[in-house]
Amino acid sequence: MVPHSEDVRRYLMQTQELFGEELYLNLQIQHPDSSGEFGADFNSFEQEICNCKNCPLSRSRTKFVFGVGDPNASLLLVGEAPGAEEDRLGEPFVGRAGKLLDKILTAIGRNRQKDVYICNVLKCRPPNNRDPLRAEVEECEPYLLHQIRLIKPKLIVALGRVAGQTLLNVDKSLKSLRNTFHDYHGTPLMVTYHPAALLRNQDLKRPTWEDFKTIKEFLEQSR
Ligand code: SF4
């Protein structure tokens, strides 16, 4: 409700009586990742940030890679950053690793359009697929946080060691990050292998499948 000018005048007079000539205003400072910074509509949020130039990766990217999937998904998958194909097509997890991820999702009764959202910590590709720099993460992470705020997933799964380390801001092996429910700004987070790692090492398929069985069970129990 917009205050009537008489109410404002009375408020100012009461404030003056209490505090003298100094006027006290209760200003709430908005942190960059707080909800007031970006729009509440998922599609317009993408439009808001797709020309971002907050870090040098904006100069080398071909396409900004916002994410793909169901904006009301209970499961959010997060990789570290777009690779060459993702940069070319503007979509995360495409190519052979993406196809393998699609198969894994089908095995747990989901797909890219059904109760899953897929994105990366960084929305632009680092040159030669190097790991994200802390300064780049600091600039880009507020976008991920806002995506999470809008999607409200029940579970976040970090795909790969670098994504897990980056989100949790720790320097630990993937082995030690697996099999635990971590907390990412109030949402449970698991870490599992990146599908590209499974293409390089077949032995990782079984533990990854164990992780996705746990993910399926967790999501079924939290319905
Ligand atoms: S990586 Fe993130 S912060 Fe850097 S330019 Fe791209 S969208 Fe902006």
# chains A, B, ... in the order shown; residues from 1 in each chain; ligands from 1
call {"tool": "residues_around", "arguments": {"residues": "Leu150 in chain A", "least_positions_apart": "5", "cutoff": "9 Å", "atoms": "only C-alpha atoms", "output": "NGL selection string"}}
result
:A and (40-42 or 71-72 or 145)
call {"tool": "residues_near_ligand", "arguments": {"ligand": "ligand 1", "cutoff": "6 Å", "atoms": "only C-alpha atoms and all ligand atoms", "output": "ChimeraX atom specification"}}
result
/A:52-55,57-58,122-124,136,139-140
call {"tool": "write_last_selection", "arguments": {"atoms": "C-alpha atoms", "output": "mmCIF file, in the first residue's frame"}}
result
data_model
loop_
_atom_site.group_PDB
_atom_site.id
_atom_site.type_symbol
_atom_site.label_atom_id
_atom_site.label_comp_id
_atom_site.auth_asym_id
_atom_site.auth_seq_id
_atom_site.Cartn_x
_atom_site.Cartn_y
_atom_site.Cartn_z
ATOM 1 C CA CYS A 52 26.902 -10.074 -19.486
ATOM 2 C CA LYS A 53 30.398 -8.619 -19.648
ATOM 3 C CA ASN A 54 31.253 -8.980 -15.970
ATOM 4 C CA CYS A 55 34.361 -11.062 -16.621
ATOM 5 C CA LEU A 57 35.180 -14.695 -20.698
ATOM 6 C CA SER A 58 32.583 -12.503 -22.400
ATOM 7 C CA LEU A 122 30.039 -20.361 -15.475
ATOM 8 C CA LYS A 123 27.807 -19.327 -18.352
ATOM 9 C CA CYS A 124 30.711 -18.729 -20.767
ATOM 10 C CA GLU A 136 35.128 -15.679 -12.707
ATOM 11 C CA GLU A 139 31.151 -12.825 -10.902
ATOM 12 C CA CYS A 140 28.999 -15.627 -12.299
#
call {"tool": "select_by_dssp", "arguments": {"residues": "range 65-209 of chain A", "states": "helix (DSSP H, G or I)", "output": "VMD selection string"}}
result
chain A and resid 84 to 89 95 to 107 127 to 129 134 to 151 161 to 168 174 to 177 195 to 200 202 to 209
call {"tool": "write_last_selection", "arguments": {"atoms": "C-alpha atoms", "output": "compact mmCIF listing (two decimals), in the first residue's frame"}}
result
# COMPACT_ATOMS: atom_id res chain seq x y z
CA ALA A 84 33.65 -26.24 -27.11
CA GLU A 85 30.39 -27.76 -28.37
CA GLU A 86 28.32 -26.05 -25.68
CA ASP A 87 29.95 -22.73 -26.58
CA ARG A 88 29.10 -23.33 -30.25
CA LEU A 89 25.50 -24.38 -29.68
CA GLY A 95 28.08 -34.01 -27.64
CA ARG A 96 29.03 -37.52 -26.49
CA ALA A 97 29.07 -36.69 -22.78
CA GLY A 98 25.67 -35.05 -23.09
CA LYS A 99 24.23 -38.12 -24.83
CA LEU A 100 25.54 -40.31 -22.03
CA LEU A 101 23.98 -37.99 -19.46
CA ASP A 102 20.66 -38.27 -21.33
CA LYS A 103 20.87 -42.07 -21.05
CA ILE A 104 21.53 -41.86 -17.31
CA LEU A 105 18.56 -39.53 -16.89
CA THR A 106 16.31 -41.89 -18.87
CA ALA A 107 17.37 -44.70 -16.52
CA PRO A 127 39.67 -20.75 -23.14
CA ASN A 128 40.96 -24.28 -23.87
CA ASN A 129 38.48 -25.66 -21.30
CA ARG A 134 37.86 -17.91 -8.56
CA ALA A 135 37.33 -14.35 -9.87
CA GLU A 136 35.13 -15.68 -12.71
CA VAL A 137 33.13 -17.80 -10.27
CA GLU A 138 32.59 -14.82 -8.00
CA GLU A 139 31.15 -12.83 -10.90
CA CYS A 140 29.00 -15.63 -12.30
CA GLU A 141 27.78 -17.49 -9.21
CA PRO A 142 25.03 -14.93 -8.40
CA TYR A 143 23.37 -16.01 -11.67
CA LEU A 144 23.39 -19.64 -10.57
CA LEU A 145 22.05 -18.65 -7.17
CA HIS A 146 19.19 -16.80 -8.81
CA GLN A 147 18.45 -19.76 -11.08
CA ILE A 148 18.26 -21.92 -7.94
CA ARG A 149 16.02 -19.37 -6.26
CA LEU A 150 13.60 -19.53 -9.22
CA ILE A 151 13.76 -23.30 -9.86
CA ARG A 161 35.31 -32.78 -9.31
CA VAL A 162 35.75 -29.21 -10.53
CA ALA A 163 32.02 -28.40 -10.27
CA GLY A 164 31.93 -29.93 -6.76
CA GLN A 165 35.05 -28.11 -5.61
CA THR A 166 33.89 -24.82 -7.13
CA LEU A 167 30.41 -24.89 -5.60
CA LEU A 168 31.60 -26.05 -2.19
CA LEU A 174 35.97 -36.22 -5.92
CA LYS A 175 36.21 -39.47 -3.99
CA SER A 176 36.01 -37.62 -0.68
CA LEU A 177 33.17 -35.37 -1.92
CA PRO A 195 29.80 -37.97 -17.85
CA ALA A 196 32.94 -37.15 -19.87
CA ALA A 197 34.97 -39.01 -17.20
CA LEU A 198 32.79 -42.10 -17.78
CA LEU A 199 33.66 -41.99 -21.47
CA ARG A 200 37.36 -42.05 -20.56
CA GLN A 202 34.43 -47.37 -17.98
CA ASP A 203 35.13 -48.37 -14.36
CA LEU A 204 33.41 -45.18 -13.21
CA LYS A 205 30.06 -46.24 -14.66
CA ARG A 206 29.12 -48.46 -11.72
CA PRO A 207 29.79 -45.92 -8.92
CA THR A 208 28.01 -43.25 -10.99
CA TRP A 209 25.01 -45.52 -11.35
call {"tool": "closest_residue", "arguments": {"among": "A:Arg130, A:His185, A:Arg61, A:Lys216", "to": "Leu75 in chain A", "atoms": "only C-alpha atoms"}}
result
A:Lys216
call {"tool": "residues_around", "arguments": {"residues": "Glu217 in chain A", "least_positions_apart": "6", "cutoff": "12 Å", "atoms": "only C-alpha atoms", "output": "PDB file with C-alpha atoms, in the first residue's frame"}}
result
ATOM      1  CA  ILE A 108      15.992 -42.713 -13.563  1.00  0.00           C
ATOM      2  CA  GLY A 109      12.780 -41.845 -15.427  1.00  0.00           C
ATOM      3  CA  LEU A 155      18.494 -31.608  -4.908  1.00  0.00           C
ATOM      4  CA  GLU A 210      25.043 -46.067  -7.556  1.00  0.00           C
ATOM      5  CA  ASP A 211      24.988 -42.270  -7.122  1.00  0.00           C
ATOM      6  CA  ARG A 223       8.001 -35.678  -2.885  1.00  0.00           C
TER       7      ARG A 223
END
call {"tool": "closest_residue", "arguments": {"among": "A:Met190, A:Val157, A:Val68, A:Leu77", "to": "Gln113 in chain A", "atoms": "only C-alpha atoms"}}
result
A:Val68
call {"tool": "atom_distance", "arguments": {"atom1": "CA of Thr187 in chain A", "atom2": "CA of Pro153 in chain A"}}
result
7.6 Å
call {"tool": "select_by_dssp", "arguments": {"residues": "range 77-148 of chain A", "states": "strand (DSSP E)", "output": "number ranges by chain"}}
result
A: 77-79, 116-120
call {"tool": "decode", "arguments": {"residues": "range 180-200 of chain A", "atoms": "C-alpha atoms", "output": "mmCIF file, in the first residue's frame"}}
result
data_model
loop_
_atom_site.group_PDB
_atom_site.id
_atom_site.type_symbol
_atom_site.label_atom_id
_atom_site.label_comp_id
_atom_site.auth_asym_id
_atom_site.auth_seq_id
_atom_site.Cartn_x
_atom_site.Cartn_y
_atom_site.Cartn_z
ATOM 1 C CA THR A 180 27.674 -37.170 1.218
ATOM 2 C CA PHE A 181 24.820 -34.711 1.189
ATOM 3 C CA HIS A 182 26.464 -31.279 1.305
ATOM 4 C CA ASP A 183 24.647 -27.980 1.725
ATOM 5 C CA TYR A 184 24.660 -25.341 -0.997
ATOM 6 C CA HIS A 185 22.930 -22.192 0.244
ATOM 7 C CA GLY A 186 20.212 -24.244 1.906
ATOM 8 C CA THR A 187 19.738 -26.887 -0.820
ATOM 9 C CA PRO A 188 21.179 -30.427 -0.466
ATOM 10 C CA LEU A 189 24.008 -31.046 -2.910
ATOM 11 C CA MET A 190 25.633 -34.282 -4.054
ATOM 12 C CA VAL A 191 28.781 -34.647 -6.137
ATOM 13 C CA THR A 192 29.223 -37.370 -8.737
ATOM 14 C CA TYR A 193 31.378 -38.061 -11.788
ATOM 15 C CA HIS A 194 31.202 -35.941 -14.925
ATOM 16 C CA PRO A 195 29.800 -37.967 -17.851
ATOM 17 C CA ALA A 196 32.943 -37.149 -19.870
ATOM 18 C CA ALA A 197 34.966 -39.014 -17.205
ATOM 19 C CA LEU A 198 32.794 -42.096 -17.775
ATOM 20 C CA LEU A 199 33.661 -41.989 -21.474
ATOM 21 C CA ARG A 200 37.356 -42.055 -20.562
#
